[in-house]
Structures are given as C-alpha cells and as structure tokens.
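File shown here: entry_39.txt, holding compact mmCIF, C-alpha atoms.
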```
# COMPACT_ATOMS: atom_id res chain seq x y z
CA MET A 25 97.64 17.28 172.19
CA SER A 26 99.85 14.48 170.87
CA GLN A 27 98.70 11.07 169.71
CA ALA A 28 100.41 9.56 172.77
CA ASN A 29 98.20 11.64 175.10
CA LEU A 30 95.11 10.59 173.15
CA ALA A 31 96.03 6.95 173.70
CA VAL A 32 96.48 7.47 177.45
CA ASP A 33 93.23 9.29 178.19
CA PRO A 34 90.64 9.56 175.43
CA HIS A 35 88.32 11.40 177.80
CA ALA A 36 90.80 14.20 178.54
CA PRO A 37 89.19 17.68 178.48
CA GLY A 38 88.81 19.03 174.98
CA VAL A 39 89.38 15.66 173.29
CA MET A 40 86.09 13.85 173.71
CA GLU A 41 82.99 14.55 175.70
CA GLU A 42 83.13 14.05 179.47
CA ARG A 43 82.64 10.59 180.98
CA PRO A 44 78.97 9.97 181.80
CA PHE A 45 78.35 10.51 185.54
CA ALA A 46 82.09 11.21 185.98
CA ILE A 47 82.91 7.52 186.50
CA PRO A 48 84.91 5.11 184.29
CA SER A 49 82.87 3.39 181.58
CA SER A 50 83.65 -0.03 183.09
CA LYS A 51 82.12 1.07 186.39
CA LEU A 52 79.01 2.41 184.65
CA VAL A 53 78.62 -0.85 182.71
CA MET A 54 78.94 -2.82 185.97
CA TRP A 55 76.22 -0.66 187.56
CA LEU A 56 73.95 -1.26 184.53
CA PHE A 57 74.63 -5.01 184.76
CA ILE A 58 73.86 -4.94 188.50
CA ILE A 59 70.48 -3.24 188.11
CA SER A 60 69.49 -5.61 185.28
CA ASP A 61 70.56 -8.57 187.43
CA ALA A 62 68.67 -7.12 190.41
CA VAL A 63 65.51 -7.12 188.30
CA THR A 64 66.25 -10.73 187.22
CA PHE A 65 66.52 -11.83 190.86
CA GLY A 66 63.48 -9.71 191.71
CA ALA A 67 61.44 -11.46 189.00
CA ILE A 68 62.51 -14.95 190.12
CA LEU A 69 61.73 -14.12 193.77
CA PHE A 70 58.32 -12.72 192.80
CA ALA A 71 57.66 -15.90 190.76
CA TYR A 72 58.54 -17.94 193.86
CA GLY A 73 56.17 -15.80 195.93
CA TYR A 74 53.41 -16.32 193.35
CA VAL A 75 53.74 -20.12 193.46
CA ARG A 76 54.13 -20.23 197.26
CA ASN A 77 51.06 -18.06 197.83
CA ALA A 78 48.95 -20.13 195.44
CA SER A 79 49.95 -23.47 197.04
CA PRO A 80 47.99 -24.37 200.20
CA ASP A 81 50.35 -27.26 201.04
CA TRP A 82 53.67 -25.41 200.68
CA PRO A 83 56.37 -27.28 202.66
CA THR A 84 58.26 -25.67 205.54
CA PRO A 85 61.19 -28.09 205.90
CA PHE A 86 64.01 -25.93 207.30
CA GLU A 87 64.87 -26.81 210.89
CA GLY A 88 67.43 -25.40 213.35
CA PRO A 89 70.60 -26.82 211.76
CA SER A 90 69.64 -25.50 208.30
CA ILE A 91 68.88 -22.04 209.67
CA TRP A 92 72.14 -21.86 211.67
CA ASN A 93 73.99 -23.04 208.56
CA THR A 94 72.33 -20.18 206.65
CA LEU A 95 73.41 -17.70 209.33
CA LEU A 96 76.98 -18.99 209.04
CA MET A 97 76.78 -18.56 205.24
CA THR A 98 75.56 -14.98 205.78
CA PHE A 99 78.49 -14.30 208.10
CA ILE A 100 80.95 -15.64 205.51
CA LEU A 101 79.44 -13.66 202.63
CA VAL A 102 79.19 -10.36 204.53
CA THR A 103 82.76 -10.87 205.77
CA SER A 104 83.87 -11.42 202.17
CA SER A 105 82.34 -8.04 201.31
CA LEU A 106 84.55 -6.52 204.00
CA THR A 107 87.68 -8.31 202.74
CA VAL A 108 87.09 -7.16 199.16
CA LEU A 109 86.74 -3.58 200.44
CA ILE A 110 90.11 -3.94 202.20
CA ALA A 111 91.52 -5.23 198.88
CA VAL A 112 90.16 -2.15 197.08
CA LYS A 113 91.68 0.14 199.73
CA ALA A 114 95.06 -1.61 199.41
CA ALA A 115 94.88 -1.34 195.60
CA GLN A 116 94.10 2.38 195.85
CA ASP A 117 97.15 2.72 198.14
CA GLU A 118 99.22 0.99 195.37
CA ASP A 119 100.03 -1.94 197.69
CA ARG A 120 99.70 -4.71 195.09
CA ALA A 121 100.79 -7.63 197.28
CA ARG A 122 98.31 -6.73 200.03
CA ALA A 123 95.49 -6.11 197.56
CA PHE A 124 96.17 -9.50 195.94
CA ARG A 125 96.16 -11.29 199.32
CA TRP A 126 92.80 -9.78 200.33
CA THR A 127 91.30 -10.48 196.89
CA ILE A 128 92.31 -14.14 197.15
CA LEU A 129 90.99 -14.31 200.74
CA THR A 130 87.66 -13.03 199.38
CA ALA A 131 87.69 -15.82 196.78
CA VAL A 132 88.43 -18.39 199.52
CA LEU A 133 85.43 -17.13 201.51
CA GLY A 134 83.35 -17.48 198.33
CA VAL A 135 84.49 -21.10 198.02
CA MET A 136 83.56 -21.74 201.68
CA PHE A 137 80.12 -20.23 201.07
CA THR A 138 79.61 -22.47 198.03
CA ALA A 139 80.72 -25.57 199.97
CA LEU A 140 78.21 -24.86 202.75
CA HIS A 141 75.52 -24.22 200.15
CA LEU A 142 76.23 -27.51 198.40
CA ARG A 143 76.05 -29.29 201.78
CA GLU A 144 72.57 -27.79 202.23
CA TRP A 145 71.59 -28.97 198.74
CA MET A 146 72.90 -32.51 199.40
CA ASP A 147 70.97 -32.64 202.67
CA LEU A 148 67.71 -31.74 200.90
CA ILE A 149 68.41 -34.14 198.01
CA GLY A 150 69.08 -36.85 200.61
CA LYS A 151 65.64 -36.17 202.10
CA GLY A 152 64.06 -36.79 198.69
CA VAL A 153 63.69 -33.26 197.35
CA ARG A 154 63.85 -33.14 193.57
CA THR A 155 63.04 -30.39 191.07
CA PHE A 156 59.39 -31.39 190.77
CA GLN A 157 58.78 -33.65 193.77
CA ASN A 158 59.35 -33.76 197.50
CA PRO A 159 58.01 -35.84 200.41
CA TRP A 160 56.10 -32.98 202.05
CA GLY A 161 53.71 -31.14 199.73
CA ALA A 162 53.66 -28.72 196.79
CA PRO A 163 55.93 -30.25 194.14
CA MET A 164 57.14 -26.83 192.94
CA PHE A 165 59.06 -26.30 196.19
CA GLY A 166 62.17 -28.02 194.81
CA ALA A 167 62.01 -26.13 191.49
CA THR A 168 61.83 -22.73 193.18
CA PHE A 169 64.41 -23.55 195.87
CA PHE A 170 66.99 -24.95 193.47
CA SER A 171 66.34 -22.17 190.88
CA ILE A 172 66.81 -19.28 193.30
CA THR A 173 69.69 -20.67 195.32
CA GLY A 174 71.27 -22.19 192.19
CA LEU A 175 71.20 -18.86 190.35
CA HIS A 176 72.77 -17.19 193.39
CA MET A 177 75.39 -19.93 193.74
CA ALA A 178 76.24 -19.55 190.02
CA HIS A 179 76.85 -15.85 190.68
CA VAL A 180 79.13 -16.70 193.62
CA ILE A 181 81.11 -19.25 191.57
CA GLY A 182 81.42 -16.75 188.70
CA GLY A 183 82.58 -14.12 191.18
CA VAL A 184 85.21 -16.46 192.67
CA ILE A 185 86.62 -17.18 189.19
CA ALA A 186 86.63 -13.45 188.39
CA LEU A 187 88.31 -12.58 191.72
CA ILE A 188 91.11 -15.08 191.10
CA ALA A 189 91.58 -14.01 187.47
CA VAL A 190 91.49 -10.25 188.14
CA GLY A 191 93.66 -10.69 191.25
CA LEU A 192 96.34 -12.54 189.30
CA ILE A 193 96.30 -10.05 186.41
CA TYR A 194 96.39 -7.16 188.90
CA LYS A 195 99.36 -8.74 190.70
CA ALA A 196 101.14 -9.06 187.34
CA GLY A 197 100.74 -5.29 186.92
CA ARG A 198 98.42 -5.31 183.91
CA TYR A 199 95.29 -4.18 185.82
CA SER A 200 94.83 -1.14 188.04
CA ALA A 201 92.93 -0.45 191.27
CA LYS A 202 89.94 0.50 189.11
CA HIS A 203 89.53 -3.13 187.99
CA ILE A 204 89.49 -4.42 191.58
CA GLU A 205 86.98 -1.70 192.51
CA VAL A 206 84.63 -2.54 189.62
CA LEU A 207 84.77 -6.26 190.47
CA SER A 208 84.08 -5.45 194.12
CA LEU A 209 80.75 -3.87 193.06
CA TYR A 210 79.69 -7.22 191.59
CA TRP A 211 80.76 -9.06 194.74
CA HIS A 212 78.77 -6.69 196.99
CA PHE A 213 75.75 -7.23 194.76
CA VAL A 214 75.99 -11.01 195.28
CA ASP A 215 76.03 -10.29 199.02
CA LEU A 216 73.04 -7.95 198.68
CA VAL A 217 70.93 -10.58 196.87
CA TRP A 218 71.65 -13.09 199.66
CA MET A 219 70.10 -10.64 202.16
CA PHE A 220 66.76 -11.19 200.41
CA VAL A 221 67.17 -14.90 199.64
CA VAL A 222 67.67 -15.80 203.34
CA PRO A 223 64.39 -14.37 204.70
CA LEU A 224 62.24 -15.30 201.70
CA VAL A 225 63.53 -18.79 200.94
CA TYR A 226 64.81 -20.03 204.31
CA LEU A 227 63.18 -18.13 207.18
CA MET A 228 59.69 -18.05 205.65
CA ASN A 229 59.94 -21.85 205.19
CA MET A 230 61.05 -22.65 208.75
CA LYS A 231 59.54 -25.71 210.39
CA ARG A 232 57.27 -24.57 213.27
CA MET B 22 90.25 12.45 199.65
CA ASN B 23 92.92 12.84 202.33
CA ALA B 24 94.29 10.13 204.65
CA ALA B 25 91.99 11.07 207.55
CA GLU B 26 88.92 10.87 205.30
CA LYS B 27 90.02 7.48 203.96
CA SER B 28 90.51 6.21 207.51
CA ASN B 29 87.07 7.49 208.48
CA GLY B 30 85.64 5.74 205.42
CA MET B 31 86.99 2.36 206.55
CA ALA B 32 85.82 3.01 210.12
CA ALA B 33 82.29 3.54 208.82
CA THR B 34 82.65 0.33 206.78
CA TYR B 35 83.52 -1.70 209.90
CA VAL B 36 80.51 -0.25 211.74
CA VAL B 37 78.20 -1.07 208.81
CA TYR B 38 79.65 -4.62 208.66
CA VAL B 39 78.78 -5.18 212.34
CA VAL B 40 75.32 -3.60 211.94
CA ILE B 41 74.48 -5.81 208.93
CA LEU B 42 75.57 -8.95 210.81
CA ALA B 43 73.61 -7.89 213.90
CA GLN B 44 70.51 -7.43 211.74
CA ALA B 45 71.01 -10.91 210.27
CA VAL B 46 71.26 -12.43 213.77
CA PHE B 47 68.18 -10.49 214.92
CA GLN B 48 66.26 -11.72 211.86
CA VAL B 49 67.02 -15.37 212.66
CA VAL B 50 66.41 -15.08 216.42
CA PHE B 51 63.12 -13.24 215.81
CA ALA B 52 62.02 -15.93 213.33
CA PHE B 53 62.81 -18.65 215.89
CA GLU B 54 61.10 -16.92 218.80
CA MET B 55 58.09 -15.21 217.21
CA GLY B 56 57.77 -16.95 213.84
CA PRO B 57 58.79 -15.36 210.55
CA SER B 58 57.00 -12.11 209.71
CA LEU B 59 57.22 -11.29 206.00
CA VAL B 60 56.88 -7.54 206.54
CA LEU B 61 59.57 -7.40 209.23
CA MET B 62 61.91 -9.70 207.27
CA MET B 63 61.55 -7.50 204.18
CA MET B 64 62.09 -4.31 206.17
CA ILE B 65 65.32 -5.72 207.60
CA GLY B 66 66.36 -6.96 204.14
CA VAL B 67 65.78 -3.51 202.61
CA LEU B 68 67.72 -1.88 205.46
CA GLN B 69 70.64 -4.30 205.02
CA GLY B 70 70.58 -3.82 201.24
CA SER B 71 70.48 -0.02 201.55
CA LEU B 72 73.48 -0.05 203.92
CA ALA B 73 75.39 -2.32 201.53
CA VAL B 74 74.63 -0.08 198.53
CA LEU B 75 75.52 3.13 200.36
CA TYR B 76 78.59 2.05 202.35
CA PHE B 77 80.00 -1.04 200.59
CA MET B 78 79.23 -0.01 196.99
CA HIS B 79 79.68 3.70 197.80
CA LEU B 80 76.74 4.77 195.66
CA GLY B 81 76.14 7.66 198.06
CA GLN B 82 79.53 9.11 197.10
CA GLU B 83 78.76 9.12 193.36
CA ARG B 84 77.09 11.97 191.51
CA PRO B 85 73.37 12.31 192.34
CA SER B 86 72.64 11.99 188.61
CA LEU B 87 74.01 8.41 188.67
CA VAL B 88 71.79 7.54 191.64
CA LEU B 89 68.79 9.06 189.84
CA ALA B 90 69.65 7.14 186.67
CA LEU B 91 69.81 3.78 188.47
CA ILE B 92 67.64 3.57 191.56
CA PRO B 93 64.16 5.01 190.74
CA TYR B 94 63.80 2.89 187.61
CA THR B 95 64.88 -0.29 189.41
CA ILE B 96 62.41 0.37 192.22
CA PHE B 97 59.68 1.14 189.67
CA VAL B 98 60.23 -2.16 187.83
CA LEU B 99 60.31 -4.16 191.09
CA PHE B 100 57.19 -2.32 192.29
CA MET B 101 55.33 -3.13 189.06
CA LEU B 102 56.07 -6.83 189.56
CA ASN B 103 53.57 -6.69 192.44
CA MET B 104 50.75 -6.88 189.91
CA ILE B 105 51.09 -10.69 189.99
CA TRP B 106 49.59 -11.03 193.49
CA SER B 107 45.95 -10.66 192.46
CA ASP B 108 46.32 -13.60 190.07
CA SER B 109 48.17 -15.60 192.71
CA PHE B 110 45.26 -15.20 195.17
CA ARG B 111 42.75 -16.00 192.39
CA LEU B 112 44.64 -19.22 191.69
CA LEU B 113 44.58 -20.11 195.40
CA HIS B 114 40.81 -19.71 195.66
CA MET B 115 39.96 -21.40 192.37
CA ARG B 116 42.00 -24.58 192.88
CA PRO B 117 40.22 -27.67 194.24
CA HIS B 118 41.18 -28.46 197.85
```

Re-express the file's structure as structure tokens.
Amino acid sequence: MSQANLAVDPHAPGVMEERPFAIPSSKLVMWLFIISDAVTFGAILFAYGYVRNASPDWPTPFEGPSIWNTLLMTFILVTSSLTVLIAVKAAQDEDRARAFRWTILTAVLGVMFTALHLREWMDLIGKGVRTFQNPWGAPMFGATFFSITGLHMAHVIGGVIALIAVGLIYKAGRYSAKHIEVLSLYWHFVDLVWMFVVPLVYLMNMKR
Amino acid sequence: MNAAEKSNGMAATYVVYVVILAQAVFQVVFAFEMGPSLVLMMMIGVLQGSLAVLYFMHLGQERPSLVLALIPYTIFVLFMLNMIWSDSFRLLHMRPH
C-alpha cells in the first residue's frame, strides 16, 4: 500500500487495527462525551431532588403561562431534532446546499428556544427570584433552577455555535456528512436532557 | 442501505417525532388535570429518552458491543446516585420546623 493510501484511510484493513465498534473515532468520542455529560446532568438533577425533598417549604411558582411556554419550548427543541436529522440525510445524499439549509434552520430553532428560555428567566427575576432568595420559600429554589436550566441553556448555545460553524465549513466542502452526523448526536442529547428537565423542574413545581 | 430502507428510516423518524410530542402534551395535560406524579413523569421521560436514543441517535443500528459499552455503565452510575435519598429524608426530619 502506498503512502498516499495510508494518508487517506489509516484504518484500512491490514494497515492498523480495526476501528473500535466499527464507527469513526469522532463518533465514538462524541458518544463518550454524551454519557459523561448525561451523568453530569444526572448528578445535578439528583442534587436538586435532594434539596427539594429536604425542604418543607419548597416553592411551586409555575403557573399556566409558564407551563405552556415550556411546552412550546419542547415543541421547538424536538422539531430541531427532526430538522438536524433531515440535514444529516441530505448530507449523506451529498446535497450540500440542502444539508446546510437544514443545519442553519436547526440553529435558528435553537436560538428561538434560548430566547423563550431567557424570557422565562426574566419573568422569574422580575418576580424577585435570585440565586439564594425568592419571595415564596426555600431560598435554594433559585440556585437549583438557574443551575439546571442555565447548564442546559449553555449546551443549547454551544450547540447553536457548533451548528453554524460546522454548517459553514461543510458548505465550503472541507467537512463531510460524518461531521454533521456526529454533531447531530450532540444536538439530540440536548433534546434528551430537556425531556427530564421539564417534568422535574417545571411540572413538579406547578402552582396548584 | 438501499433507497427504500432510507425512506423507511425517515418515515419511522417522523412517527417517533409525533409520538414524542404527543407524550409531552399528555405529560402537561395530565399534570394540569391530576397533579404531577413523579413516577408517571419519569416513566414518560424515560420512554421519550429511549425513543430519542434509538431512533434519533440511531444507537439501535450500531454494533451491540457499542450499546453494551455505553448504556449499562451509565444506568449503573445513575442508579447508584439514588443512595442520596436516605440522607435527604434524614435532613428533612432533623431540621427544626
């Protein structure tokens, strides 16, 4: 085998050992990042549960408008998972323009999600909720709410930046469908975490 | 994967998208009507998450060895985090009311 072939595919049969799990290394690394991040979110949600359970005067401030806003945010985020899948499909079909359009649409949905989330934050801050105080009860409510939703929002913002950057580089022809696919895994994970944040942080703290 | 299989794959994706959204709506309506139930909310969350992992992230189409390398250990770590609850209840009963 020539040096040129080695440069193209270092994992070609007989050159190096086979790829672990028969997937590209970048995809494996993304999966490892996702499970470590899942445990991070798991730990922060368990910590929230610990504090909530141990506080007899835990506030339940979320009323109808907040809950409907959360449902709208869920719709936007799950829809963005669908749009990124369409982008991956277009990239696999070698349709770069279409893949780029759907990747950017996914980023736009991420921006919409973040805007709605910030509106929710501003509403709570306007009602007097701070990191360690609020008008209703257990002072740790603000710390846990802003920590969990803030960490998730940081993931969304990071994902939006990555979607735009990878989309542009892909459109320029320097990235392949594999890069869009690996990034889509991260975006689905952000969606997956939200499926646990909504019931635990919002629905369990509904005003009754 | 041929064209028909790819088409079927996207069809399944659209169905899963609708199912996940329907579950989210059910979760909210149930919470409004009956009050939030932690067990039910978590069951729906796990179901939504499993669908997302299998059909959006396509983990079901990877080698079983990858699934075995990732999922059991993650579940084990998350399961072990449950050891905090006994201390949480102790704190609740020991604090002055």

Kindly provide, as a ChimeraX atom specification, the polymer residues lying within 12 Å of (84.2, -18.3, 201.9), counting only C-alpha atoms and using the coordinates exactly as they appear in the file.
-> /A:96-108,127-141,180-181,183-184,215

Write the residues of the preceding selection, restricted to C-alpha atoms, as an mmCIF file, in the coordinates of the input.
```
data_model
loop_
_atom_site.group_PDB
_atom_site.id
_atom_site.type_symbol
_atom_site.label_atom_id
_atom_site.label_comp_id
_atom_site.auth_asym_id
_atom_site.auth_seq_id
_atom_site.Cartn_x
_atom_site.Cartn_y
_atom_site.Cartn_z
ATOM 1 C CA LEU A 96 76.980 -18.990 209.040
ATOM 2 C CA MET A 97 76.780 -18.560 205.240
ATOM 3 C CA THR A 98 75.560 -14.980 205.780
ATOM 4 C CA PHE A 99 78.490 -14.300 208.100
ATOM 5 C CA ILE A 100 80.950 -15.640 205.510
ATOM 6 C CA LEU A 101 79.440 -13.660 202.630
ATOM 7 C CA VAL A 102 79.190 -10.360 204.530
ATOM 8 C CA THR A 103 82.760 -10.870 205.770
ATOM 9 C CA SER A 104 83.870 -11.420 202.170
ATOM 10 C CA SER A 105 82.340 -8.040 201.310
ATOM 11 C CA LEU A 106 84.550 -6.520 204.000
ATOM 12 C CA THR A 107 87.680 -8.310 202.740
ATOM 13 C CA VAL A 108 87.090 -7.160 199.160
ATOM 14 C CA THR A 127 91.300 -10.480 196.890
ATOM 15 C CA ILE A 128 92.310 -14.140 197.150
ATOM 16 C CA LEU A 129 90.990 -14.310 200.740
ATOM 17 C CA THR A 130 87.660 -13.030 199.380
ATOM 18 C CA ALA A 131 87.690 -15.820 196.780
ATOM 19 C CA VAL A 132 88.430 -18.390 199.520
ATOM 20 C CA LEU A 133 85.430 -17.130 201.510
ATOM 21 C CA GLY A 134 83.350 -17.480 198.330
ATOM 22 C CA VAL A 135 84.490 -21.100 198.020
ATOM 23 C CA MET A 136 83.560 -21.740 201.680
ATOM 24 C CA PHE A 137 80.120 -20.230 201.070
ATOM 25 C CA THR A 138 79.610 -22.470 198.030
ATOM 26 C CA ALA A 139 80.720 -25.570 199.970
ATOM 27 C CA LEU A 140 78.210 -24.860 202.750
ATOM 28 C CA HIS A 141 75.520 -24.220 200.150
ATOM 29 C CA VAL A 180 79.130 -16.700 193.620
ATOM 30 C CA ILE A 181 81.110 -19.250 191.570
ATOM 31 C CA GLY A 183 82.580 -14.120 191.180
ATOM 32 C CA VAL A 184 85.210 -16.460 192.670
ATOM 33 C CA ASP A 215 76.030 -10.290 199.020
#
```

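Relative to CA of Ala90 (chain B), CA of Tyr38 (chain B) is found at 26.9 Å.
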
Around all the atoms of region 47-64 of chain B listed in the file, with 3 Å of room on each side, what axis-aligned box do you get, giving centre and edge lengths in Å to one decimal, as AutoDock Vina command-line options?
```
--center_x 62.5 --center_y -11.5 --center_z 211.5 --size_x 17.3 --size_y 20.3 --size_z 20.6
```

Using only C-alpha atoms, select each residue of chain B with any atom at most 8 Å away from an atom of chain A, and give the selection as a PyMOL selection string.
-> chain B and resi 34-35+38+41-42+45-46+48-49+52+56-59+62-63+66+69-70+73-74+77-78+83-84+86-87+91+95+98-99+102-103+105-106+109-110+112-113

Restrict the selected residues to C-alpha atoms and save them as a PDB file, in the coordinates of the input.
```pdb
ATOM      1  CA  THR B  34      82.650   0.330 206.780  1.00  0.00           C
ATOM      2  CA  TYR B  35      83.520  -1.700 209.900  1.00  0.00           C
ATOM      3  CA  TYR B  38      79.650  -4.620 208.660  1.00  0.00           C
ATOM      4  CA  ILE B  41      74.480  -5.810 208.930  1.00  0.00           C
ATOM      5  CA  LEU B  42      75.570  -8.950 210.810  1.00  0.00           C
ATOM      6  CA  ALA B  45      71.010 -10.910 210.270  1.00  0.00           C
ATOM      7  CA  VAL B  46      71.260 -12.430 213.770  1.00  0.00           C
ATOM      8  CA  GLN B  48      66.260 -11.720 211.860  1.00  0.00           C
ATOM      9  CA  VAL B  49      67.020 -15.370 212.660  1.00  0.00           C
ATOM     10  CA  ALA B  52      62.020 -15.930 213.330  1.00  0.00           C
ATOM     11  CA  GLY B  56      57.770 -16.950 213.840  1.00  0.00           C
ATOM     12  CA  PRO B  57      58.790 -15.360 210.550  1.00  0.00           C
ATOM     13  CA  SER B  58      57.000 -12.110 209.710  1.00  0.00           C
ATOM     14  CA  LEU B  59      57.220 -11.290 206.000  1.00  0.00           C
ATOM     15  CA  MET B  62      61.910  -9.700 207.270  1.00  0.00           C
ATOM     16  CA  MET B  63      61.550  -7.500 204.180  1.00  0.00           C
ATOM     17  CA  GLY B  66      66.360  -6.960 204.140  1.00  0.00           C
ATOM     18  CA  GLN B  69      70.640  -4.300 205.020  1.00  0.00           C
ATOM     19  CA  GLY B  70      70.580  -3.820 201.240  1.00  0.00           C
ATOM     20  CA  ALA B  73      75.390  -2.320 201.530  1.00  0.00           C
ATOM     21  CA  VAL B  74      74.630  -0.080 198.530  1.00  0.00           C
ATOM     22  CA  PHE B  77      80.000  -1.040 200.590  1.00  0.00           C
ATOM     23  CA  MET B  78      79.230  -0.010 196.990  1.00  0.00           C
ATOM     24  CA  GLU B  83      78.760   9.120 193.360  1.00  0.00           C
ATOM     25  CA  ARG B  84      77.090  11.970 191.510  1.00  0.00           C
ATOM     26  CA  SER B  86      72.640  11.990 188.610  1.00  0.00           C
ATOM     27  CA  LEU B  87      74.010   8.410 188.670  1.00  0.00           C
ATOM     28  CA  LEU B  91      69.810   3.780 188.470  1.00  0.00           C
ATOM     29  CA  THR B  95      64.880  -0.290 189.410  1.00  0.00           C
ATOM     30  CA  VAL B  98      60.230  -2.160 187.830  1.00  0.00           C
ATOM     31  CA  LEU B  99      60.310  -4.160 191.090  1.00  0.00           C
ATOM     32  CA  LEU B 102      56.070  -6.830 189.560  1.00  0.00           C
ATOM     33  CA  ASN B 103      53.570  -6.690 192.440  1.00  0.00           C
ATOM     34  CA  ILE B 105      51.090 -10.690 189.990  1.00  0.00           C
ATOM     35  CA  TRP B 106      49.590 -11.030 193.490  1.00  0.00           C
ATOM     36  CA  SER B 109      48.170 -15.600 192.710  1.00  0.00           C
ATOM     37  CA  PHE B 110      45.260 -15.200 195.170  1.00  0.00           C
ATOM     38  CA  LEU B 112      44.640 -19.220 191.690  1.00  0.00           C
ATOM     39  CA  LEU B 113      44.580 -20.110 195.400  1.00  0.00           C
TER      40      LEU B 113
END
```

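Nearest residue to Gln44 (chain B), choosing from B:Ile96, B:Leu61, B:Leu80, B:Val88 and counting all atoms listed in the file: B:Leu61.
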
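Of the listed residues (A:Arg125, A:Lys51, A:Val214, A:Val112), A:Val214 comes nearest to Leu175 (chain A); the distances count all atoms listed in the file.
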
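When CA of Pro163 (chain A) is paired with CA of Val67 (chain B), their separation reads 29.7 Å.
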
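Between CA of Thr173 (chain A) and CA of Met101 (chain B) there is a distance of 23.5 Å.
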
All residues 10 Å or closer to Ala121 (chain A), all atoms listed in the file, same chain fewer than 3 positions away omitted, as JSON, numbers by chain = {"A": [111, 114, 115, 118, 124, 125, 126, 127, 191, 194, 195]}

Set the distance at 7 Å and use all atoms listed in the file: which residues neighbour Leu72 (chain B) once local chain neighbours fewer than 4 positions away are removed? I'd like the list as a PDB file with C-alpha atoms, keeping the file's coordinate frame.
```pdb
ATOM      1  CA  VAL B  37      78.200  -1.070 208.810  1.00  0.00           C
ATOM      2  CA  LEU B  68      67.720  -1.880 205.460  1.00  0.00           C
ATOM      3  CA  TYR B  76      78.590   2.050 202.350  1.00  0.00           C
TER       4      TYR B  76
END
```

Fewer than 3 positions away in the same chain doesn't count, so skip those; otherwise give me all residues within 9 Å of Val190 (chain A), counting all atoms listed in the file, as a ChimeraX atom specification.
-> /A:127,185-187,193-195,199,203-204,207

Please, could you write that set of residues out with C-alpha atoms as an mmCIF file, in the coordinates of the input?
```cif
data_model
loop_
_atom_site.group_PDB
_atom_site.id
_atom_site.type_symbol
_atom_site.label_atom_id
_atom_site.label_comp_id
_atom_site.auth_asym_id
_atom_site.auth_seq_id
_atom_site.Cartn_x
_atom_site.Cartn_y
_atom_site.Cartn_z
ATOM 1 C CA THR A 127 91.300 -10.480 196.890
ATOM 2 C CA ILE A 185 86.620 -17.180 189.190
ATOM 3 C CA ALA A 186 86.630 -13.450 188.390
ATOM 4 C CA LEU A 187 88.310 -12.580 191.720
ATOM 5 C CA ILE A 193 96.300 -10.050 186.410
ATOM 6 C CA TYR A 194 96.390 -7.160 188.900
ATOM 7 C CA LYS A 195 99.360 -8.740 190.700
ATOM 8 C CA TYR A 199 95.290 -4.180 185.820
ATOM 9 C CA HIS A 203 89.530 -3.130 187.990
ATOM 10 C CA ILE A 204 89.490 -4.420 191.580
ATOM 11 C CA LEU A 207 84.770 -6.260 190.470
#
```
